Amino acid sequence: MESFWEWFKALNDATGINLTIFYDSFDRRRFISGLLMTIRLAAISIVASVLIGVVGAWLQGSRLHLTRKLVYWYIQFFRNTPPLVQIYFFYFGIGSLLSVTAASGAPVPIVSNVTWAVVSLSFFAGAFNVEIFRSGIEAVPGTTIEAAESLGFTRLRTYLLIVLPLAFRISLPALNNNLVNLVKTTTLAYAIAVPELLYVSSQIWSDSLNVPEMMNVLLVMYFVLVGSLVWVMHRWERAIKVPGFGA
Amino acid sequence: MSRPLRWNQALPGGTDLPVLLPAAARLARSAQSERTSGQFMLRLRAEHGVALFVLFLIACGAAQAQGGAGSPSILETIWKWTPLLLRGFLFNLAISVTAMLIGTLAGLFLGFAQISLLYPVRKGAWLTTHFFRNAPWLVLLFYCMFLLPFQVTVFGVTIPIPDWVKATFGLALPVMANVSEILRGAVQSIPTAQWESSASLAFTRRQTMWRIILPQCIKRMLPPWMNLYAILTMATVLTSIVGVAEVMTLTGRVLSAENRQGLLLPFYSYVLLLFFLYCYPIARWTVRLEAKYAVER
């Protein structure tokens, strides 16, 4: 392994291609931690946004006018404003209100920037998911639900075993688009200094003065990350597609 | 198939499964169009503008109340800085128009390469398109900001490249990739019968392309293209992260120059209103065109 890292040092000496993230253990650790942070941001936001989507779709079918209106304005806000504005809104707008004064007199935020990034990214993607799941549920015919009822399914079991699986299969293509978009949006967490891939890379290139190398590494990293997500999701999409539906 | 036709068997897939309700087809269509255009559809409505305006007024009122007696009125302060902010906003628009122009030209070129008959050209264009589509906008912006030189020397003449030009190139790259995919999707959506009938009328491939296929494509490309432009306009605020003096950066500077409590929300909602006023007509027009062409199809 050590000789593998040493090879990059030799590459730097021979060609001037300075990939510190391979031979410098400090940079390597930083880079890997940034990569993990990006993956963690993406993973948590994906799960949270899907949950928001399911709950929101359920709330949208509520009998209370107020609940439906609230969900409606939530979707309108997060769908139509740039995600950067949303992140600023959460971090600077709400985050500055939620701070306690430390013994030194300096304000200390209760919620960290990483948490705010996760929250705003989840809300951003969640708004789209609510609409996607809502259409998915709407697409399940009433006759299917009646058939389940006639077979003695309770309401909850009908929802969990009949409606949701079918709705999910219908929603998956739209959901995938949104999740891919979400992974790309994680870069905006840079703006509030979350140490994700873009942020640590910028630290590395200012310390090691290898801007072109890091830029290319970064581009390839994101291409691989997003590309593999797209590939896996499309495979899954094809595997569980409703037969005979769509092209 | 020798099975007798039933009333619900008119599906293109030829299935006799229970028919899903129209919402499923709508969702599938929008997912498909998102996939070709690479962006979600903006659906701005007049009520969004009203809500923003109300937010702006409430924020102004709150800031006024915080300021107490004797402090200058919030609206006056905003009016004082409006020329500067508008100049910044015009800068955003200039960046968006230039990036769209460059991105569209390059994207059309790449899109044509994607439907080329030569395998390496087709594959190479496909790879380029997907490479830039999968990269986040901010990363591409950084790429151009840091890697383009700050000046070039051509035949002894040194031409400086200001940072906003580099930012424009950075935004033009994702636009290029999306336009390329929009063109490919549009060409692919034209029924093969069009190709076959023009071949039977002895059109060459080039003639078929220019006289039969592309005129039909323009209609299909226009709505996603305009949507892409509206999204690009909103994305120009990203250039503030790399230090271009556009409206967000200027607003930040104004806020620190005023150095007064509670100005944050009035000013930022004012900027949001500016963007809304510009993007709203585009979004409306896109929806109209889409509906119009959907019927004609």
# chains A, B, ... in the order shown; residues from 1 in each chain; ligands from 1
>>> closest_atom_pairs(of="chain B", to="chain A", cutoff="8 Å", atoms="only C-alpha atoms", output="CSV")
residue,atom,partner,partner_atom,distance
B:Gly13,CA,A:Gly244,CA,5.0
B:Gly14,CA,A:Gly244,CA,6.9
B:Thr15,CA,A:Gly244,CA,5.3
B:Leu17,CA,A:Gly244,CA,7.6
B:Val19,CA,A:Pro141,CA,7.7
B:Leu20,CA,A:Ala139,CA,5.7
B:Leu21,CA,A:Ala139,CA,4.5
B:Pro22,CA,A:Ala139,CA,6.4
B:Ala23,CA,A:Ala139,CA,4.8
B:Ala24,CA,A:Ala139,CA,4.9
B:Ala25,CA,A:Gly246,CA,7.3
B:Leu27,CA,A:Ser135,CA,6.6
B:Ala28,CA,A:Gly246,CA,7.1
B:Ser30,CA,A:Ala174,CA,7.5
B:Ala31,CA,A:Ala174,CA,4.6
B:Gln32,CA,A:Ala174,CA,7.9
B:Glu34,CA,A:Asn177,CA,7.3
B:Arg35,CA,A:Asn177,CA,6.8
B:Leu42,CA,A:Asn80,CA,6.8
B:Arg43,CA,A:Asn80,CA,7.3
B:Leu44,CA,A:Asn80,CA,6.8
B:His48,CA,A:Gln76,CA,7.7
B:Phe131,CA,A:Phe223,CA,6.1
B:Asn134,CA,A:Phe223,CA,5.5
B:Ala135,CA,A:Phe223,CA,5.7
B:Pro136,CA,A:Lys184,CA,4.8
B:Trp137,CA,A:Lys184,CA,7.8
B:Leu138,CA,A:Thr187,CA,6.7
B:Val139,CA,A:Leu219,CA,7.0
B:Leu140,CA,A:Leu219,CA,7.7
B:Phe142,CA,A:Met215,CA,7.9
B:Tyr143,CA,A:Met215,CA,5.9
B:Phe146,CA,A:Val211,CA,7.1
B:Leu147,CA,A:Pro212,CA,6.3
B:Met234,CA,A:Pro82,CA,6.4
B:Ala235,CA,A:Pro82,CA,7.3
B:Leu238,CA,A:Leu84,CA,7.6
B:Ile241,CA,A:Ala191,CA,6.9
>>> write_last_selection(atoms="C-alpha atoms", output="PDB file, in the first residue's frame")
ATOM      1  CA  GLY B  13     -48.316  -1.610 -24.187  1.00  0.00           C
ATOM      2  CA  GLY B  14     -51.109  -4.057 -24.990  1.00  0.00           C
ATOM      3  CA  THR B  15     -51.703  -4.970 -21.372  1.00  0.00           C
ATOM      4  CA  LEU B  17     -53.910  -5.262 -16.335  1.00  0.00           C
ATOM      5  CA  VAL B  19     -55.718   0.627 -15.834  1.00  0.00           C
ATOM      6  CA  LEU B  20     -53.919   3.060 -13.574  1.00  0.00           C
ATOM      7  CA  LEU B  21     -55.582   6.424 -13.104  1.00  0.00           C
ATOM      8  CA  PRO B  22     -54.455   9.449 -15.185  1.00  0.00           C
ATOM      9  CA  ALA B  23     -52.236  10.717 -12.346  1.00  0.00           C
ATOM     10  CA  ALA B  24     -49.801   7.879 -13.102  1.00  0.00           C
ATOM     11  CA  ALA B  25     -49.460   8.863 -16.747  1.00  0.00           C
ATOM     12  CA  LEU B  27     -46.285  11.627 -13.304  1.00  0.00           C
ATOM     13  CA  ALA B  28     -44.524   9.400 -15.834  1.00  0.00           C
ATOM     14  CA  SER B  30     -43.290  14.814 -16.139  1.00  0.00           C
ATOM     15  CA  ALA B  31     -40.530  12.455 -14.939  1.00  0.00           C
ATOM     16  CA  GLN B  32     -39.614  11.769 -18.547  1.00  0.00           C
ATOM     17  CA  GLU B  34     -37.451  16.216 -16.376  1.00  0.00           C
ATOM     18  CA  ARG B  35     -35.033  13.545 -17.392  1.00  0.00           C
ATOM     19  CA  LEU B  42     -40.696  25.908 -12.597  1.00  0.00           C
ATOM     20  CA  ARG B  43     -44.322  26.630 -11.845  1.00  0.00           C
ATOM     21  CA  LEU B  44     -44.445  30.236 -10.740  1.00  0.00           C
ATOM     22  CA  HIS B  48     -46.226  33.604  -5.218  1.00  0.00           C
ATOM     23  CA  PHE B 131     -20.218  14.141 -17.543  1.00  0.00           C
ATOM     24  CA  ASN B 134     -23.813  14.784 -13.487  1.00  0.00           C
ATOM     25  CA  ALA B 135     -21.449  17.423 -12.155  1.00  0.00           C
ATOM     26  CA  PRO B 136     -23.024  19.918  -9.732  1.00  0.00           C
ATOM     27  CA  TRP B 137     -23.323  23.482 -11.058  1.00  0.00           C
ATOM     28  CA  LEU B 138     -21.235  24.874  -8.217  1.00  0.00           C
ATOM     29  CA  VAL B 139     -18.352  22.513  -8.951  1.00  0.00           C
ATOM     30  CA  LEU B 140     -18.341  23.515 -12.631  1.00  0.00           C
ATOM     31  CA  PHE B 142     -15.402  26.635  -9.332  1.00  0.00           C
ATOM     32  CA  TYR B 143     -13.680  24.749 -12.120  1.00  0.00           C
ATOM     33  CA  PHE B 146      -9.945  28.719 -10.822  1.00  0.00           C
ATOM     34  CA  LEU B 147      -8.668  27.101 -13.979  1.00  0.00           C
ATOM     35  CA  MET B 234     -31.945  31.827 -10.525  1.00  0.00           C
ATOM     36  CA  ALA B 235     -28.603  30.016 -10.490  1.00  0.00           C
ATOM     37  CA  LEU B 238     -24.253  31.083  -7.177  1.00  0.00           C
ATOM     38  CA  ILE B 241     -20.064  32.431  -3.704  1.00  0.00           C
TER      39      ILE B 241
END
>>> select_by_dssp(residues="region 88-209 of chain A", states="strand (DSSP E or B)", output="list in words")
Ser99, Val100, Thr101, Pro107, Val108 and Pro109 of chain A
>>> residues_around(residues="Glu181 (chain B)", least_positions_apart="5", cutoff="10 Å", atoms="only C-alpha atoms", output="ChimeraX atom specification")
/B:35-38,107-108,110-112,114,126,129-130,133,175-176,186-187
>>> atom_distance(atom1="CA of Thr251 (chain B)", atom2="CA of Leu274 (chain B)")
12.4 Å
>>> closest_residue(among="A:Leu41, A:Ile46, A:Leu161, A:Ala127", to="Leu179 (chain A)", atoms="only C-alpha atoms")
A:Ile46
>>> select_by_dssp(residues="region 4-144 of chain A", states="helix (DSSP H, G or I)", output="short mmCIF file (atom, residue, chain, number, x, y, z; two decimals) with C-alpha atoms, in the first residue's frame")
data_model
loop_
_atom_site.label_atom_id
_atom_site.label_comp_id
_atom_site.auth_asym_id
_atom_site.auth_seq_id
_atom_site.Cartn_x
_atom_site.Cartn_y
_atom_site.Cartn_z
CA PHE A 4 1.22 2.69 -4.06
CA TRP A 5 1.05 6.06 -2.26
CA GLU A 6 4.76 6.59 -2.97
CA TRP A 7 4.04 6.19 -6.67
CA PHE A 8 2.04 9.44 -6.61
CA LYS A 9 4.97 11.20 -4.98
CA ALA A 10 7.16 9.96 -7.81
CA LEU A 11 4.50 11.14 -10.26
CA ASN A 12 4.69 14.60 -8.74
CA ASP A 13 8.50 14.64 -8.96
CA ALA A 14 8.47 13.39 -12.54
CA THR A 15 5.52 15.26 -14.08
CA THR A 20 -1.39 15.31 -2.40
CA ILE A 21 -4.56 13.45 -1.47
CA PHE A 22 -2.74 10.21 -2.29
CA TYR A 23 0.73 10.59 -0.82
CA SER A 25 -1.63 11.29 4.78
CA PHE A 26 -3.04 14.54 6.24
CA ASP A 27 -4.62 15.60 2.95
CA ARG A 28 -5.78 12.05 2.35
CA ARG A 29 -7.58 11.94 5.67
CA ARG A 30 -9.17 15.32 5.02
CA PHE A 31 -10.33 14.29 1.59
CA ILE A 32 -11.82 11.01 2.79
CA SER A 33 -13.60 12.77 5.64
CA GLY A 34 -15.03 15.26 3.13
CA LEU A 35 -16.17 12.45 0.87
CA LEU A 36 -17.81 10.70 3.80
CA MET A 37 -19.47 13.96 4.83
CA THR A 38 -20.94 14.38 1.35
CA ILE A 39 -22.19 10.80 1.37
CA ARG A 40 -23.60 11.25 4.85
CA LEU A 41 -25.31 14.53 3.93
CA ALA A 42 -26.80 12.89 0.85
CA ALA A 43 -27.87 9.70 2.64
CA ILE A 44 -29.52 11.40 5.62
CA SER A 45 -31.25 13.98 3.40
CA ILE A 46 -32.52 11.27 1.05
CA VAL A 47 -34.06 9.29 3.91
CA ALA A 48 -35.48 12.38 5.62
CA SER A 49 -36.87 13.83 2.39
CA VAL A 50 -38.60 10.55 1.51
CA LEU A 51 -40.13 10.52 5.01
CA ILE A 52 -41.25 14.14 4.58
CA GLY A 53 -42.73 13.13 1.23
CA VAL A 54 -44.74 10.25 2.68
CA VAL A 55 -46.01 12.24 5.66
CA GLY A 56 -46.73 15.30 3.50
CA ALA A 57 -48.67 13.26 0.97
CA TRP A 58 -50.70 11.82 3.80
CA LEU A 59 -51.32 15.27 5.31
CA GLN A 60 -52.38 16.61 1.92
CA HIS A 65 -58.48 22.78 5.30
CA LEU A 66 -55.70 24.40 7.34
CA THR A 67 -53.43 21.35 7.16
CA ARG A 68 -53.85 21.11 3.40
CA LYS A 69 -53.11 24.83 3.00
CA LEU A 70 -49.99 24.54 5.19
CA VAL A 71 -48.63 21.67 3.11
CA TYR A 72 -49.50 23.60 -0.05
CA TRP A 73 -47.52 26.68 1.00
CA TYR A 74 -44.65 24.53 2.21
CA ILE A 75 -44.39 23.01 -1.27
CA GLN A 76 -44.72 26.39 -2.98
CA PHE A 77 -41.98 27.94 -0.87
CA PHE A 78 -39.41 25.19 -1.33
CA ARG A 79 -40.20 24.50 -4.96
CA ASN A 80 -39.90 28.04 -6.20
CA PRO A 83 -31.89 26.18 -2.63
CA LEU A 84 -29.03 28.54 -1.79
CA VAL A 85 -31.56 31.07 -0.48
CA GLN A 86 -33.17 28.31 1.59
CA ILE A 87 -29.87 27.31 3.14
CA TYR A 88 -29.12 30.95 4.00
CA PHE A 89 -32.62 31.34 5.35
CA PHE A 90 -32.20 28.41 7.73
CA TYR A 91 -28.61 29.07 8.74
CA PHE A 92 -28.56 32.87 9.01
CA GLY A 93 -32.26 33.55 9.49
CA ILE A 94 -33.41 30.87 11.92
CA GLY A 95 -29.97 29.73 13.11
CA SER A 96 -29.06 33.17 14.45
CA LEU A 97 -32.28 33.26 16.47
CA ASN A 113 -24.18 24.11 10.34
CA VAL A 114 -24.13 20.43 9.34
CA THR A 115 -27.56 19.94 10.90
CA TRP A 116 -28.89 23.04 9.15
CA ALA A 117 -27.56 21.76 5.85
CA VAL A 118 -29.32 18.43 6.39
CA VAL A 119 -32.54 20.18 7.46
CA SER A 120 -32.66 22.57 4.52
CA LEU A 121 -31.68 19.93 1.95
CA SER A 122 -34.32 17.55 3.33
CA PHE A 123 -37.02 20.20 3.22
CA PHE A 124 -35.96 21.20 -0.28
CA ALA A 125 -36.15 17.68 -1.69
CA GLY A 126 -39.10 16.79 0.54
CA ALA A 127 -41.29 19.43 -1.09
CA PHE A 128 -40.86 17.71 -4.44
CA ASN A 129 -41.38 14.28 -2.88
CA VAL A 130 -44.74 15.28 -1.38
CA GLU A 131 -46.06 16.07 -4.84
CA ILE A 132 -44.52 12.95 -6.34
CA PHE A 133 -46.01 10.60 -3.74
CA ARG A 134 -49.33 12.42 -3.87
CA SER A 135 -49.62 11.72 -7.61
CA GLY A 136 -48.48 8.15 -7.02
CA ILE A 137 -51.22 7.55 -4.47
CA GLU A 138 -53.79 9.31 -6.63
CA GLY A 142 -60.41 3.00 -6.31
CA THR A 143 -61.35 -0.44 -7.57
CA THR A 144 -58.02 -1.81 -6.34
#
